[in-house]
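Asker: Submitted below is the structure of interest, expressed as structure tokens.
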Amino acid sequence: MSVQGRRVVITGIGVVAPGSMGREGFWDMITAGRTATRRITFFDPSRFRSQVAAEVDFDARRLGLTAQEVHRNDRFVQFAMVAADEAVADSGLRLGVGGAPDAPEPERVGVTIGSAVGATTRLEDEYVDVSDAGKHWLVDPRYASRFLHQALVPSCAATEVAVRFRAQGPGTVVSTGCTSGIDAVGYGSQLIEDGDADVVIAGASDAPISPISMACFDTIRATTANNADPEHASKPFDARRDGFVMGEGSAVMVLEELEHAQRRGAEIYCEVTGYANRCNAFHMTGLRPDGVEMAEALDQALAQGRIDGSEVGYVNAHGSGTKQNDRHETAAVKLSLGEAAYRVPMSSLKSMVGHSLGAIGSIEIAATALAVQRQVVPPTANYEVPDPECDLDYVPKTARDHKVDVAVSVGSGFGGFQSAIVLAKPDRRPS
Amino acid sequence: MTELARSRSDTVTDTTVVSEEGVVTEVAGPVRETAPMGRAITAPPRGTTRLLVTGIGVVAPSGIGVEEHWRSLLRGELAVRPIEGFDAARYGVTVAGQVRGFDAEQYIAPQLKVQTDRWSWMSLAAATLAAEDAGYIPTEEAYATSVFLAAGSGGNEFSQHEIQRLWAKGPKSVGAYQSIAWFYAASTGQVSIRDGYKGPSGVVVSEGAGGLDSIGWARRVVRRGTPAVLVGGTEAGVTPYALLCQVTSGRLSTAARPEDAYKPFDRRANGHAIGEGGAILLVEEADAARARSARHVWGEVVGYGATHDAHHHEDPAPDATQYARAIRISLADAGVTPDEVDLVIADGAGVPELDALEAQAITTVFGERGVPVTAPSSWTGRLMAGGSALNVATALLAMRDGLVPATGNVDEPVEEYGLDLVRETRERDLDVVVVLARGFGGFNSSLVLRRHREETQ
């Protein structure tokens with residue numbers, strides 16, 4: 001099915017992020033430049049190289065999940081359910097069993113949920129029991145939970161969200177590592193563009209703050225060793241940066257076909273005018289500093305909406321705070337936007353909420369959509385010492401009122417994935 | 001080609017060195033070949049795109065390589081056997097479809113092998129076989145080839161070793177490759193890197209439906225201007241912890257004799273056997289395949305439909321409405337009527353309740369005994385994401401030879417299902433074949449394949 005000219009807008013946003021509560025709490029926090037990074041409390045991190053993370057203070061039951069929903073689902077699924085609840089409520093769409101007469105056909109509602117590492121935390125917790133903390137290769141089934149299949153295969157996140165809102169259209173989990181969150185929203189947009197759905201619940205979730213995740217990033221020194229000052233540990237684009245700070249969380253968007261949204265008088269945050277991804281075919285974790293493939297993704301995403309680079313009012317950066325990423329990304333943005341790159345504010349939320357692997361792409365899209373709606377650019381916290389190789393305007397510490405008719409969010413991940421998405425005011429005058 | 005025709009080929013001249021930690025230690029100069037402004041902007045295409053399968057790579061319990069797999073199916077060899085490699089008795093499941101005689105080093109370099117899980121070895125091997133079968137030599141335009149695979153359970157064996165080290169010996173004993181070997185995108189990333197494919201790539205997870213879904217998503221990639229995509233996927237979950245996880249689904253057979261374990265549509269259906277491996281296929285936009293004079297065309301992907309039961313986190317919907325709808329969407333997409341379909345390759349869950357629902361979906365769309373139905377995964381076990389991809393390979397082989405492989409282990413088919421279940425290899429001219437797949441939790445997918453006809457100009 002290919003349908004001409006179907007446009008996609010965001011009509012609902014839900015966020016589960018460290019250091020705040022819900023979409024508005026998140027926005028208040030990031031525009032205040034507050035950081036949520038702290039010494040890890042979920043387990044004793046003292047034997048780990050990196051001991052800081054951005055943890056979510058999450059009470060699933062208080063946020064509306066039932067005891068059984070909590071019991072059978074990993075934290076990453078719980079995050080996605082809570083974020084989806086907020087997004088759908090925000091959209092005003094009455095989805096689900098007993099929906100109102102004006103609700104969209106369940107068969108026209110799809111789900112695309114991204115996750116880089118799925119139920120890794122639950123898999124590890126259960127592993128500890130069945131192996132008696134690593135003593136046995138042949139794990140003991142008598143200590144196993146009933147719901148390990150769902151932990152093994154992360155598609156359960158799409159299922160839980162689909163069941164929750166009776167979304168009988170196409171559903172999937174998208175797992176492209178650290179670009180999962182952008183890709184999930186991108187794929188969701190394609191479902192609507194191609195006429196396969198009118199509404200898609202799209203977002204991503206990850207809850208990777210567990211010993212195995214921390215250990216595997218420790219060994220490749222991708223995470224920060226700045227344990228003395230957790231609040232200021234994440235320093236994207238700053239010359240003193242020494243790795244990312246692990247995070248967790250989720251954001252879910254309600255994507256809707258433009259006319260569908262207009263007919264019901266929905267409040268529209270922004271339009272998704274383009275999405276593209278590319279691979280660098282270079283190295284699983286290394287990035288070639290020239291940023292060519294990310295620039296290509298960004299070019300293509302802009303081209304889909306017939307948007308020129310000079311129109312971009314905000315670049316929401318991947319900005320993980322590793323030496324190579326921030327340099328790579330700076331180069332990519334310059335390559336794509338040219339001279340305009342020096343004029344456009346560009347900031348990294350990871351300075352405040354850490355790097356929640358696949359989830360962060362969706363959290364960043366949520367922030368970018370709010371930036372377009374509110375014409376405010378969130379800052380890069382902790383940015384003090386410029387790096388000659390990172391010479392753009394990173395919006396140090398303080399949020400800024402700014403004309404943002406078009407914004408882009410970019411991401412980069414292990415495996416070489418490079419993704420870009422473009423959000424714009426729906427009534428923007430095409431150039 | 002409607003995306004920006006802008007080449008950014010690899011003209012990095014400086015030396016770039018990446019250490020084992022993945023840190024780039026020397027800096028290559030930025031490369032800029034075209035000015036950023038003033039480019040020709042083209043919106044993505046929305047027209048009809050023809051998608052051909054031009055290459056198949058199989059690494060499965062039934063064999064390595066497409067012909068070995070096919071011969072095994074036609075001979076009716078049961079590749080589900082007692083589990084080798086560890087004592088599985090304690091999990092109550094003792095048989096599985098394992099890939100035997102697989103020498104990963106035949107396909108990948110030793111240093112890549114130590115960085116990756118068995119699941120990725122099989123993906124890398126299948127990708128090589130698919131490209132070889134297609135005679136595919138990537139064009140100079142690196143963005144013209146994508147890798148869009150399905151994943152299911154990630155790098156199980158690798159990860160169990162590393163997590164054991166962590167808990168038994170401490171964080172510092174975790175190896176450097178855990179971060180890249182376990183996660184669901186590992187195989188896609190490794191294929192992209194090894195083979196230099198830079199196109200829009202992705203990974204979908206929808207349990208057993210994933211193999212078909214990767215093709216459905218790849219079609220969107222092709223529609224938007226990328227002419228060649230590697231699709232499908234593999235799985236490697238016959239390892240202690242992954243097996244234990246799968247046992248908790250309650251859908252695995254506990255039968256000790258292989259022929260008793262996985263009996264789809266049979267009166268004694270009692271669950272399924274798991275398996276490892278899968279298939280990777282090269283799909284190409286028709287004009288691009290023609291332009292490079294593709295060696296052969298296995299068939300054409302003409303329709304795809306996906307729905308979700310959205311009923312329960314575990315149980316299937318009590319009616320087959322959404323499953324049948326997925327089939328109908330795919331047929332409408334293909335522009336074929338149910339009576340034009342010559343064969344249905346079923347998901348064949350092997351669980352009575354799920355078999356009954358699938359039969360209901362098939363008979364709702366095609367009528368009672370309206371179309372031959374076979375479930376060849378009964379020979380190999382269910383390979384999760386790899387299984388539905390393997391069934392696409394099987395469908396194309398069946399089409400080529402006009403032979404329908406039988407469903408294995410069927411002694412007493414449930415007549416009430418109203419299926420024309422293929423129990424012996426059957427000769428039949430196959431023009432249109434439908435492949436079905438379901439994923440745990442309510443994913444329903446349907447893919448329509450058609451025999452390729454050369455267009456007369």
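Going through the structure tokens in order, the chains are called A, B, and so on, while each chain numbers its residues from 1 and the ligands are numbered from 1 in the order shown.
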Report as an MDAnalysis selection string all protein, DNA and RNA residues lying within 9 Å of Ile13 in chain A, evaluated on only C-alpha atoms, omitting residues in the same chain fewer than 3 positions from it.
Answerer: chainID A and resid 10 23 83:84 86:91 251:254 269 366 369:370
Asker: Taking only C-alpha atoms into account, find every residue of chain A that has an atom no more than 6 Å from chain B, and write it out as a CSV table (one decimal) with C-alpha atoms, in the first residue's frame.
Answerer:
```
chain,number,residue,atom,x,y,z
A,2,SER,CA,1.4,3.3,-1.0
A,117,VAL,CA,18.9,-4.2,25.2
A,133,ALA,CA,25.5,-16.2,41.0
A,134,GLY,CA,27.4,-17.7,38.2
A,138,LEU,CA,23.6,-25.6,33.5
A,146,ARG,CA,7.3,-18.0,34.7
A,148,LEU,CA,11.3,-15.6,31.1
A,149,HIS,CA,10.3,-16.0,27.5
A,152,LEU,CA,14.4,-13.2,26.3
A,153,VAL,CA,12.5,-11.7,23.4
A,155,SER,CA,8.8,-8.0,21.3
A,159,THR,CA,2.6,-6.6,22.7
A,160,GLU,CA,2.0,-5.0,26.1
A,162,ALA,CA,-0.8,-3.1,21.7
A,163,VAL,CA,-2.9,-5.0,24.2
A,166,ARG,CA,-6.2,-2.5,21.5
A,167,ALA,CA,-3.9,-1.6,18.7
A,168,GLN,CA,-4.6,-4.3,16.1
A,169,GLY,CA,-2.6,-2.7,13.3
A,170,PRO,CA,1.1,-3.6,12.6
A,172,THR,CA,6.9,-4.5,16.3
A,173,VAL,CA,9.9,-3.8,18.4
A,174,VAL,CA,12.7,-2.0,16.7
A,175,SER,CA,16.2,-2.9,18.0
A,176,THR,CA,18.9,-1.0,16.3
A,177,GLY,CA,21.0,-0.3,19.4
A,215,ALA,CA,30.6,-4.0,33.2
A,216,CYS,CA,30.5,-4.3,29.4
A,219,THR,CA,35.7,-2.8,29.7
A,220,ILE,CA,35.6,-0.7,26.6
A,277,ASN,CA,19.1,6.2,8.6
A,278,ARG,CA,22.4,5.0,7.3
A,279,CYS,CA,25.2,2.7,8.4
A,280,ASN,CA,28.8,3.6,8.6
A,281,ALA,CA,30.0,0.0,7.7
A,282,PHE,CA,33.1,0.9,9.6
A,285,THR,CA,31.9,0.9,18.2
A,286,GLY,CA,34.3,3.2,16.4
A,290,ASP,CA,34.4,12.8,9.4
A,303,ALA,CA,15.3,16.4,1.8
A,304,GLN,CA,12.2,14.3,2.4
A,336,SER,CA,25.2,18.6,6.4
A,338,GLY,CA,27.3,23.9,6.1
A,415,GLY,CA,26.8,-1.4,14.9
```
Asker: Taking only C-alpha atoms into account, name the residue in A:Met284, A:Leu392, A:Ala301, A:Ala158 that is nearest to Val272 in chain A.
Answerer: A:Ala301
Asker: Write out as a PDB file with C-alpha atoms, in the first residue's frame which residues come within 12 Å of Ser293 in chain B when counting only C-alpha atoms, dropping same-chain ones fewer than 4 positions away.
Answerer:
```pdb
ATOM      1  CA  THR B  54      17.571 -12.751  -6.151  1.00  0.00           C
ATOM      2  CA  ALA B 134      22.693 -13.783  -6.180  1.00  0.00           C
ATOM      3  CA  GLY B 135      26.070 -13.128  -7.736  1.00  0.00           C
ATOM      4  CA  TYR B 136      25.762  -9.826  -5.947  1.00  0.00           C
ATOM      5  CA  ILE B 137      28.702  -7.502  -6.062  1.00  0.00           C
ATOM      6  CA  GLU B 284      16.225  -6.204  -5.031  1.00  0.00           C
ATOM      7  CA  ALA B 286      13.273  -5.085 -10.163  1.00  0.00           C
ATOM      8  CA  ASP B 287      14.952  -2.470 -12.342  1.00  0.00           C
ATOM      9  CA  ALA B 288      18.138  -2.646 -10.293  1.00  0.00           C
ATOM     10  CA  ALA B 289      18.206  -6.433 -10.542  1.00  0.00           C
ATOM     11  CA  VAL B 297      15.179 -14.434  -9.806  1.00  0.00           C
TER      12      VAL B 297
END
```
Asker: Just the residues within 8 Å of range 411-417 of chain B, please, counting only C-alpha atoms, with nothing from its chain fewer than 4 positions along; format it as a PyMOL selection string.
Answerer: chain B and resi 265-268+356+359-360+421
Asker: With N, CA and C atoms kept, could you save the residues just selected as a JSON list (two decimals), in the first residue's frame?
Answerer:
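Here's the written file again_24.json:
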```json
[["chain", "number", "residue", "atom", "x", "y", "z"],
["B", 265, "PHE", "N", -0.79, -29.62, 13.56],
["B", 265, "PHE", "CA", -2.08, -30.03, 12.98],
["B", 265, "PHE", "C", -2.38, -31.52, 13.20],
["B", 266, "ASP", "N", -1.63, -32.14, 14.08],
["B", 266, "ASP", "CA", -1.86, -33.55, 14.38],
["B", 266, "ASP", "C", -2.67, -33.67, 15.68],
["B", 267, "ARG", "N", -3.37, -34.78, 15.81],
["B", 267, "ARG", "CA", -4.15, -35.00, 17.03],
["B", 267, "ARG", "C", -3.26, -35.03, 18.27],
["B", 268, "ARG", "N", -2.02, -35.45, 18.07],
["B", 268, "ARG", "CA", -1.13, -35.53, 19.23],
["B", 268, "ARG", "C", -0.17, -34.33, 19.30],
["B", 356, "ALA", "N", -5.55, -24.79, 15.86],
["B", 356, "ALA", "CA", -6.97, -24.61, 15.54],
["B", 356, "ALA", "C", -7.23, -23.18, 15.06],
["B", 359, "ALA", "N", -5.83, -22.80, 11.55],
["B", 359, "ALA", "CA", -6.72, -23.46, 10.59],
["B", 359, "ALA", "C", -7.95, -22.59, 10.34],
["B", 360, "GLN", "N", -8.43, -22.00, 11.39],
["B", 360, "GLN", "CA", -9.60, -21.12, 11.26],
["B", 360, "GLN", "C", -9.28, -19.92, 10.36],
["B", 421, "LEU", "N", -3.98, -30.63, 4.26],
["B", 421, "LEU", "CA", -2.62, -30.66, 4.79],
["B", 421, "LEU", "C", -1.74, -31.59, 3.94]]
```
Asker: Could you name the residues that touch Pro258 in chain B at 8 Å or less, counting only C-alpha atoms, but leaving out those on the same chain fewer than 5 positions away, as a list of chain:residue names?
Answerer: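 The residues that qualify are B:Leu78, B:Val80, B:Arg81, B:Pro82, B:Val95.
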Asker: Using only C-alpha atoms, which residue out of A:Val109, A:Val77, A:Val395, A:Ala67 lies closest to Asp198 in chain A?
Answerer: A:Val109
Asker: So which one's closest to Ala236 in chain B, B:Ala437, B:Val59, B:Ile64, B:Ala127? Using only C-alpha atoms, please.
Answerer: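 Among the listed residues, B:Val59 lies closest to Ala236 in chain B.
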Asker: Output as a PyMOL selection string all residues of range 13-195 of chain A that backbone DSSP marks as strand (DSSP E or B).
Answerer: chain A and resi 13-16+37-39+52-54+109-114+171-174
Asker: Would you output that residue set with N, CA and C atoms, as a compact mmCIF listing (two decimals), in the first residue's frame?
Answerer:
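And here's out14.txt as it stands now:
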```
# COMPACT_ATOMS: atom_id res chain seq x y z
N ILE A 13 2.51 13.01 23.83
CA ILE A 13 3.87 12.72 24.30
C ILE A 13 3.81 12.24 25.74
N GLY A 14 4.51 11.14 26.00
CA GLY A 14 4.65 10.67 27.38
C GLY A 14 6.11 10.38 27.66
N VAL A 15 6.55 10.73 28.85
CA VAL A 15 7.98 10.59 29.16
C VAL A 15 8.18 9.97 30.54
N VAL A 16 9.08 9.02 30.61
CA VAL A 16 9.58 8.52 31.89
C VAL A 16 11.08 8.78 31.85
N THR A 37 22.03 12.86 37.07
CA THR A 37 23.06 11.83 37.21
C THR A 37 23.49 11.74 38.67
N ARG A 38 23.71 10.53 39.14
CA ARG A 38 24.07 10.35 40.55
C ARG A 38 24.85 9.05 40.71
N ARG A 39 25.40 8.86 41.89
CA ARG A 39 26.06 7.58 42.16
C ARG A 39 24.99 6.49 42.11
N VAL A 52 28.47 5.90 38.14
CA VAL A 52 27.38 6.89 38.11
C VAL A 52 26.38 6.51 37.02
N ALA A 53 25.17 6.97 37.23
CA ALA A 53 24.12 6.71 36.24
C ALA A 53 22.99 7.71 36.49
N ALA A 54 22.10 7.82 35.51
CA ALA A 54 20.89 8.62 35.68
C ALA A 54 19.74 7.65 35.88
N VAL A 109 -4.58 1.25 14.16
CA VAL A 109 -3.61 1.75 15.15
C VAL A 109 -2.43 0.78 15.22
N GLY A 110 -1.23 1.28 15.04
CA GLY A 110 -0.03 0.45 15.09
C GLY A 110 0.84 0.77 16.30
N VAL A 111 1.85 -0.05 16.51
CA VAL A 111 2.77 0.13 17.63
C VAL A 111 4.20 -0.12 17.15
N THR A 112 5.10 0.80 17.41
CA THR A 112 6.52 0.57 17.15
C THR A 112 7.31 1.03 18.39
N ILE A 113 7.87 0.06 19.09
CA ILE A 113 8.60 0.37 20.31
C ILE A 113 10.07 -0.02 20.13
N GLY A 114 10.94 0.91 20.38
CA GLY A 114 12.36 0.64 20.25
C GLY A 114 12.98 0.22 21.58
N GLY A 171 2.48 -4.18 14.47
CA GLY A 171 3.22 -3.88 15.69
C GLY A 171 4.59 -4.52 15.64
N THR A 172 5.57 -3.84 16.19
CA THR A 172 6.89 -4.46 16.25
C THR A 172 7.77 -3.75 17.28
N VAL A 173 8.80 -4.47 17.69
CA VAL A 173 9.87 -3.82 18.44
C VAL A 173 11.02 -3.57 17.46
N VAL A 174 11.62 -2.43 17.60
CA VAL A 174 12.73 -2.02 16.74
C VAL A 174 13.98 -2.05 17.61
```
Asker: Name the residues in contact with Ala297 in chain A at a cut-off of 8 Å, using only C-alpha atoms, excluding same-chain residues fewer than 6 positions from it; report them as a list of chain:residue names.
Answerer: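 Surrounding residues, per the criterion: A:Tyr275, A:Ala276, A:Asn277, A:Arg278, A:Gln418, A:Ser419, A:Ala420.
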Asker: Quick one: residues within 9 Å of Arg75 in chain A, only C-alpha atoms, excluding same-chain residues fewer than 2 positions away - as a ChimeraX atom specification?
Answerer: /A:60,70,73,77-80,119,121-122,206-207
Asker: Selected residues, N, CA and C atoms, written as a short mmCIF file (atom, residue, chain, number, x, y, z; two decimals), in the first residue's frame, please.
Answerer:
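Below you can see selection-v9.cif, which holds the result:
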```
data_model
loop_
_atom_site.label_atom_id
_atom_site.label_comp_id
_atom_site.auth_asym_id
_atom_site.auth_seq_id
_atom_site.Cartn_x
_atom_site.Cartn_y
_atom_site.Cartn_z
N ALA A 60 6.05 1.89 39.79
CA ALA A 60 5.13 1.44 38.74
C ALA A 60 3.68 1.38 39.23
N VAL A 70 3.40 -5.55 36.70
CA VAL A 70 4.75 -5.35 37.23
C VAL A 70 5.46 -6.69 37.34
N ASN A 73 6.63 -8.19 33.82
CA ASN A 73 7.38 -7.37 32.88
C ASN A 73 8.67 -6.81 33.45
N VAL A 77 9.77 -2.60 29.96
CA VAL A 77 8.39 -2.70 29.48
C VAL A 77 7.48 -1.83 30.35
N GLN A 78 7.74 -1.87 31.63
CA GLN A 78 6.93 -1.02 32.54
C GLN A 78 7.08 0.45 32.18
N PHE A 79 8.28 0.87 31.90
CA PHE A 79 8.50 2.27 31.48
C PHE A 79 7.66 2.58 30.24
N ALA A 80 7.73 1.66 29.27
CA ALA A 80 7.03 1.91 28.00
C ALA A 80 5.53 2.00 28.22
N ALA A 119 15.04 -6.63 27.93
CA ALA A 119 14.86 -6.97 29.35
C ALA A 119 16.16 -7.41 30.00
N THR A 121 17.95 -6.31 32.34
CA THR A 121 18.03 -6.30 33.80
C THR A 121 17.33 -7.52 34.40
N ARG A 122 16.15 -7.82 33.88
CA ARG A 122 15.44 -8.98 34.40
C ARG A 122 16.18 -10.27 34.06
N ASP A 206 14.39 1.69 27.58
CA ASP A 206 15.50 0.85 28.02
C ASP A 206 15.72 1.05 29.51
N ALA A 207 16.11 -0.02 30.17
CA ALA A 207 16.43 0.05 31.59
C ALA A 207 17.71 -0.76 31.84
#
```
Asker: Determine which residues of range 254-419 of chain A DSSP labels as helix (DSSP H, G or I) from the backbone of this structure, then write them out as a PyMOL selection string.
Answerer: chain A and resi 258-263+292-304+309-311+323-342+350-353+359-374
Asker: My list of candidates is A:Thr330, A:Ser412, A:Ser250, A:Ser50. Which is closest to Gly22 in chain A when distances are computed with only C-alpha atoms?
Answerer: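 The answer is A:Ser250, which sits nearest to Gly22 in chain A.
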Asker: What is the CA of Leu436 in chain B-CA of Pro372 in chain B distance in Å, reported with one decimal?
Answerer: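 So the two atoms, CA of Leu436 in chain B and CA of Pro372 in chain B, lie 13.2 Å apart.
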Asker: Return the single residue from A:Pro101, A:Gly33, A:Pro388, A:Pro106 that is closest to Ser347 in chain A, with distances computed using only C-alpha atoms.
Answerer: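 Using only C-alpha atoms, Ser347 in chain A sits closest to A:Gly33.
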